[in-house]
Amino acid sequence: MSILIKGATLPDGTTTDVLVRDGQIAEVGVSTGSTSSGEADQTIDAGGLRLLPGLVDLHTHLREPGREDAETVLTGSRAAAVGGYTAVLAMANTNPVTDTAEAAERVFDLGRAAGLVDVQPVGAVTKGLAGEELAELGLMARSRAKVRVFSDDGKCVHDPRVMRRALEYVKPFGGVVSQHSQDPALAGPTACCHEGELSGRLGLPGWPGIAEEVIVARDVMLARHTGSRVHVAHVSTAGSVEVLRWAKAQGIDVTAEVTPHHLLLTTELLSGYDPTFKVNPPLRPDEDVAALREALADGTIDAVATDHAPHARHDKEHSFVDAAFGMLGLETALSVVTTVMVEGGLLDWAGVARVMSANPARIAGLEGHGRPIAVGEPANLTLVDPAAQVVVDRAASVSLSRNNPWHDRKLTGRVIATLLRGRPTVLEGALL
């Protein structure tokens with residue numbers, strides 16, 4: 001099919017028409033003399049809208065197999081498409097864990113069957129996420145799923161010998177290890193609130209920033225020693241930013257992501273003991289949030305990743321200490337970035353395309369995504385109304401879960417359309 005996108009503003013500020021045909025961008029700067037809406041199967045009026053490369057999420061929890069009461073590959077794909085994503089990386093902490101080629105291919109096939117976004121499985125670093133014995137890294141890499149990102153997310157690969165071996169193993173096939181940086185000796189499994197005055201006053205187990213920072217520091221040195229790639233998931237502290245900035249200045253092959261919630265929400269929200277705001281790593285103070293925004297703007301942090309973590313109500317509706325970690329993010333990520341980074345003057349729209357599409361696709365090795373809007377490129381595209389005001393309603397989410405930290409909050413920016421290889425999955429903000 002062919003689609004004419006009329007009057008869209010590209011990331012560089014150019015306003016033009018874009019013709020999509022047979023899954024690719026056929027023309028840019030289409031003149032009405034050569035192509036008209038009558039010759040296209042469909043026309044989208046994009047006046048006043050921004051056209052971006054389809055968004056890519058490095059960090060999504062789809063819960064299938066094992067916890068289909070919280071999310072499935074299909075429902076998570078719907079949430080991703082509504083949020084403007086054309087590709088997501090599905091984390092390995094499912095049940096059973098994605099630690100074999102067969103498990104990776106199952107997630108891959110479920111994603112293809114859903115057909116709304118490209119679902120790329122992340123392989124576990126260690127068997128059963130136990131942190132002891134390497135999983136089938138090579139077999140997963142050679143499988144139909146072609147796994148290139150490996151993570152025990154939810155748990156830290158805390159043994160430096162195991163982490164070193166993983167980095168050495170993935171290097172020959174261009175893999176990357178994504179680390180959940182949490183030293184278990186400094187922040188144990190019950191740690192749930194940024195360590196400080198507030199955690200003491202609330203009586204909540206403290207999660208100090210140093211527990212993240214020492215693992216980040218160790219892993220960048222292991223990456224330098226092995227000559228391999230390490231990716232730091234959900235960076236949350238100013239100290240980690242300092243380590244990353246130093247490592248990049250040394251030429252160490254390290255990349256990093258930040259979540260939308262760590263760019264906007266702060267630890268003060270925990271004063272009401274609302275388990276919606278329980279996340280790992282925890283929300284941090286204002287000074288950490290400011291450092292994360294600056295690091296995303298200057299390139300120290302490469303990407304925005306949602307850490308979309310849906311949970312069934314019976315897992316969240318507990319006392320704060322006993323509730324599950326995590327919050328939703330796929331449907332609102334672009335709006336949060338628009339509100340914080342674009343309206344805040346820290347990123348332009350070319351920057352948004354870089355941190356939400358091009359860099360994530362590069363880190364993950366997804367060749368068909370994060371590409372420039374140019375003739376011959378795959379038509380994985382997202383159309384955004386940059387001025388729309390959105391009041392988030394958790395009941396309107398297409399996710400199966402409702403642990404949405406943005407409920408009743410006004411955000412700027414709304415996804416109008418998402419195209420996966422030229423096929424609309426979302427139009428006028430609604431799933432097709």
# chains A, B, ... in the order shown; residues from 1 in each chain; ligands from 1
call {"tool": "select_by_dssp", "arguments": {"residues": "region 122-279 of chain A", "states": "strand (DSSP E or B)", "output": "list in words"}}
result
Gly123, Thr126, Leu134, Val149, Phe150, Ser151, Val176, Val177, Ser178, Gln179, Cys193, His194, Gly206, Trp207, Val230, His231, Val232, Val254, Thr255, Ala256, Glu257 and Val258 of chain A
call {"tool": "residues_around", "arguments": {"residues": "His234 (chain A)", "least_positions_apart": "2", "cutoff": "8 Å", "atoms": "only C-alpha atoms", "output": "ChimeraX atom specification"}}
result
/A:180,232,236,256-259,281,305,307
call {"tool": "write_last_selection", "arguments": {"atoms": "N, CA and C atoms", "output": "mmCIF file, in the first residue's frame"}}
result
data_model
loop_
_atom_site.group_PDB
_atom_site.id
_atom_site.type_symbol
_atom_site.label_atom_id
_atom_site.label_comp_id
_atom_site.auth_asym_id
_atom_site.auth_seq_id
_atom_site.Cartn_x
_atom_site.Cartn_y
_atom_site.Cartn_z
ATOM 1 N N HIS A 180 21.910 -4.566 35.380
ATOM 2 C CA HIS A 180 21.107 -3.991 36.459
ATOM 3 C C HIS A 180 22.077 -3.746 37.617
ATOM 4 N N VAL A 232 24.570 0.136 30.612
ATOM 5 C CA VAL A 232 24.081 0.344 31.978
ATOM 6 C C VAL A 232 22.592 0.646 31.916
ATOM 7 N N SER A 236 20.394 6.007 37.593
ATOM 8 C CA SER A 236 19.520 6.808 38.465
ATOM 9 C C SER A 236 20.239 7.814 39.341
ATOM 10 N N ALA A 256 24.462 3.787 28.001
ATOM 11 C CA ALA A 256 23.598 3.853 29.178
ATOM 12 C C ALA A 256 22.221 4.367 28.783
ATOM 13 N N GLU A 257 21.252 4.014 29.608
ATOM 14 C CA GLU A 257 19.869 4.456 29.415
ATOM 15 C C GLU A 257 19.344 5.088 30.689
ATOM 16 N N VAL A 258 18.323 5.926 30.527
ATOM 17 C CA VAL A 258 17.602 6.491 31.659
ATOM 18 C C VAL A 258 16.114 6.303 31.399
ATOM 19 N N THR A 259 15.340 6.092 32.448
ATOM 20 C CA THR A 259 13.903 5.903 32.293
ATOM 21 C C THR A 259 13.179 7.243 32.330
ATOM 22 N N PRO A 281 15.865 0.744 40.051
ATOM 23 C CA PRO A 281 16.260 1.492 41.241
ATOM 24 C C PRO A 281 15.204 2.497 41.653
ATOM 25 N N ALA A 305 14.871 4.608 27.945
ATOM 26 C CA ALA A 305 14.273 3.271 27.913
ATOM 27 C C ALA A 305 13.211 3.203 29.003
ATOM 28 N N ASP A 307 11.683 0.760 30.851
ATOM 29 C CA ASP A 307 11.575 -0.209 31.947
ATOM 30 C C ASP A 307 10.108 -0.459 32.265
#
call {"tool": "residues_around", "arguments": {"residues": "Leu264 (chain A)", "least_positions_apart": "3", "cutoff": "8 Å", "atoms": "only C-alpha atoms", "output": "MDAnalysis selection string"}}
result
chainID A and resid 260:261 289 336 340
call {"tool": "closest_residue", "arguments": {"among": "A:Lys278, A:Arg50, A:Lys248, A:Arg371", "to": "Thr338 (chain A)", "atoms": "only C-alpha atoms"}}
result
A:Arg50
call {"tool": "residues_around", "arguments": {"residues": "region 211-219 of chain A", "least_positions_apart": "4", "cutoff": "6 Å", "atoms": "only C-alpha atoms", "output": "ChimeraX atom specification"}}
result
/A:181-183,186-187,240
call {"tool": "closest_residue", "arguments": {"among": "A:Val415, A:Val162, A:Leu431, A:Ala80", "to": "Leu62 (chain A)", "atoms": "only C-alpha atoms"}}
result
A:Ala80
call {"tool": "residues_around", "arguments": {"residues": "region 126-130 of chain A", "least_positions_apart": "3", "cutoff": "9 Å", "atoms": "only C-alpha atoms", "output": "VMD selection string"}}
result
chain A and resid 92 to 93 96 to 100 123 133 to 137 151 to 157 162 166
call {"tool": "residues_around", "arguments": {"residues": "Gly23 (chain A)", "least_positions_apart": "6", "cutoff": "12 Å", "atoms": "only C-alpha atoms", "output": "ChimeraX atom specification"}}
result
/A:1-3,368,375-381,419-424
call {"tool": "write_last_selection", "arguments": {"atoms": "C-alpha atoms", "output": "PDB file, in the first residue's frame"}}
result
ATOM      1  CA  MET A   1       0.000   0.000   0.000  1.00  0.00           C
ATOM      2  CA  SER A   2       1.050   3.631  -0.368  1.00  0.00           C
ATOM      3  CA  ILE A   3       0.567   6.435   2.147  1.00  0.00           C
ATOM      4  CA  GLY A 368      15.817  -1.774  10.225  1.00  0.00           C
ATOM      5  CA  VAL A 375      14.367   7.511   0.374  1.00  0.00           C
ATOM      6  CA  GLY A 376      14.904   3.753   0.493  1.00  0.00           C
ATOM      7  CA  GLU A 377      14.787   3.469   4.273  1.00  0.00           C
ATOM      8  CA  PRO A 378      12.260   1.198   6.027  1.00  0.00           C
ATOM      9  CA  ALA A 379       9.064   3.091   6.804  1.00  0.00           C
ATOM     10  CA  ASN A 380       9.149   2.609  10.564  1.00  0.00           C
ATOM     11  CA  LEU A 381       7.718   5.966  11.552  1.00  0.00           C
ATOM     12  CA  LEU A 419       3.749   2.890  11.008  1.00  0.00           C
ATOM     13  CA  LEU A 420       5.550  -0.456  11.039  1.00  0.00           C
ATOM     14  CA  ARG A 421       7.219  -1.046   7.678  1.00  0.00           C
ATOM     15  CA  GLY A 422       4.687   1.255   6.057  1.00  0.00           C
ATOM     16  CA  ARG A 423       1.642  -0.341   7.650  1.00  0.00           C
ATOM     17  CA  PRO A 424      -0.275   1.834  10.136  1.00  0.00           C
TER      18      PRO A 424
END
call {"tool": "residues_around", "arguments": {"residues": "Leu51 (chain A)", "least_positions_apart": "6", "cutoff": "8 Å", "atoms": "only C-alpha atoms", "output": "VMD selection string"}}
result
chain A and resid 8 to 11 381 to 384
call {"tool": "atom_distance", "arguments": {"atom1": "CA of His407 (chain A)", "atom2": "CA of Gly329 (chain A)"}}
result
11.5 Å
call {"tool": "atom_distance", "arguments": {"atom1": "CA of Val177 (chain A)", "atom2": "CA of Arg284 (chain A)"}}
result
24.7 Å
call {"tool": "closest_residue", "arguments": {"among": "A:Ala295, A:Val243, A:Ala87, A:Ala430", "to": "Leu346 (chain A)", "atoms": "only C-alpha atoms"}}
result
A:Ala295
call {"tool": "closest_residue", "arguments": {"among": "A:Pro285, A:Gly413, A:Gly7, A:Pro53", "to": "Thr267 (chain A)", "atoms": "only C-alpha atoms"}}
result
A:Pro285
call {"tool": "atom_distance", "arguments": {"atom1": "CA of Val304 (chain A)", "atom2": "CA of Glu71 (chain A)"}}
result
21.5 Å
call {"tool": "closest_residue", "arguments": {"among": "A:Arg144, A:Gln179, A:His311, A:Arg106", "to": "His158 (chain A)", "atoms": "only C-alpha atoms"}}
result
A:Gln179
call {"tool": "closest_residue", "arguments": {"among": "A:Gly47, A:Gly351, A:Pro282, A:Pro205", "to": "Phe325 (chain A)", "atoms": "only C-alpha atoms"}}
result
A:Pro282
call {"tool": "select_by_dssp", "arguments": {"residues": "region 106-300 of chain A", "states": "alpha helix (DSSP H)", "output": "CSV table (one decimal) with C-alpha atoms, in the first residue's frame"}}
result
chain,number,residue,atom,x,y,z
A,106,ARG,CA,9.2,-18.5,21.5
A,107,VAL,CA,9.2,-14.8,22.5
A,108,PHE,CA,10.4,-13.8,19.0
A,109,ASP,CA,7.5,-15.8,17.4
A,110,LEU,CA,4.9,-14.4,19.7
A,111,GLY,CA,6.0,-10.9,18.7
A,112,ARG,CA,5.8,-11.7,15.1
A,113,ALA,CA,2.3,-13.2,15.5
A,114,ALA,CA,1.2,-10.0,17.3
A,137,LEU,CA,24.6,-17.0,25.0
A,138,GLY,CA,26.0,-18.4,21.8
A,139,LEU,CA,23.0,-20.6,21.0
A,140,MET,CA,20.6,-17.6,21.6
A,141,ALA,CA,22.8,-15.5,19.3
A,142,ARG,CA,22.7,-18.1,16.5
A,160,PRO,CA,32.9,-10.0,38.7
A,161,ARG,CA,34.2,-13.2,37.3
A,162,VAL,CA,30.9,-14.1,35.8
A,163,MET,CA,30.5,-10.6,34.4
A,164,ARG,CA,33.9,-10.8,32.9
A,165,ARG,CA,33.2,-14.1,31.2
A,166,ALA,CA,29.9,-12.8,29.8
A,167,LEU,CA,31.6,-9.8,28.3
A,168,GLU,CA,34.3,-12.0,26.8
A,169,TYR,CA,31.7,-14.4,25.4
A,170,VAL,CA,29.5,-11.9,23.6
A,197,GLU,CA,16.4,11.4,55.6
A,198,LEU,CA,13.2,10.4,53.9
A,199,SER,CA,13.9,6.6,54.1
A,200,GLY,CA,14.7,7.0,57.8
A,201,ARG,CA,11.6,9.0,58.5
A,202,LEU,CA,9.4,6.6,56.6
A,209,GLY,CA,23.2,5.5,45.3
A,210,ILE,CA,26.6,4.0,46.0
A,211,ALA,CA,25.1,0.5,45.5
A,212,GLU,CA,24.6,1.4,41.8
A,213,GLU,CA,27.7,3.4,41.3
A,214,VAL,CA,30.2,0.8,42.5
A,215,ILE,CA,28.8,-1.7,40.0
A,216,VAL,CA,28.8,0.8,37.2
A,217,ALA,CA,32.5,1.6,38.0
A,218,ARG,CA,33.4,-2.0,38.1
A,219,ASP,CA,31.7,-2.9,34.9
A,220,VAL,CA,33.2,-0.1,32.8
A,221,MET,CA,36.6,-1.3,33.9
A,222,LEU,CA,35.7,-4.8,33.0
A,223,ALA,CA,34.6,-3.5,29.6
A,224,ARG,CA,37.9,-1.8,29.1
A,225,HIS,CA,39.8,-4.9,30.2
A,226,THR,CA,37.9,-7.2,27.8
A,238,ALA,CA,24.6,11.7,39.7
A,239,GLY,CA,27.5,9.5,40.8
A,240,SER,CA,26.8,7.0,38.0
A,241,VAL,CA,26.7,9.9,35.5
A,242,GLU,CA,30.2,11.0,36.7
A,243,VAL,CA,31.5,7.4,36.2
A,244,LEU,CA,30.0,7.2,32.7
A,245,ARG,CA,31.3,10.6,31.7
A,246,TRP,CA,34.8,9.6,32.7
A,247,ALA,CA,34.5,6.2,31.0
A,248,LYS,CA,33.4,7.7,27.7
A,249,ALA,CA,36.3,10.2,27.9
A,260,PRO,CA,11.2,8.5,31.9
A,261,HIS,CA,10.3,8.2,35.6
A,262,HIS,CA,13.8,8.9,36.7
A,263,LEU,CA,13.8,12.1,34.5
A,264,LEU,CA,10.7,13.6,36.3
A,286,ASP,CA,16.1,16.5,42.8
A,287,GLU,CA,19.9,16.7,42.4
A,288,ASP,CA,20.1,13.3,40.8
A,289,VAL,CA,17.2,14.1,38.5
A,290,ALA,CA,18.9,17.3,37.3
A,291,ALA,CA,22.1,15.3,36.6
A,292,LEU,CA,20.3,12.7,34.6
A,293,ARG,CA,18.6,15.4,32.5
A,294,GLU,CA,21.9,17.1,31.8
A,295,ALA,CA,23.6,13.7,31.0
A,296,LEU,CA,20.9,12.8,28.5
A,297,ALA,CA,21.1,16.2,26.9
A,298,ASP,CA,24.9,16.1,26.5
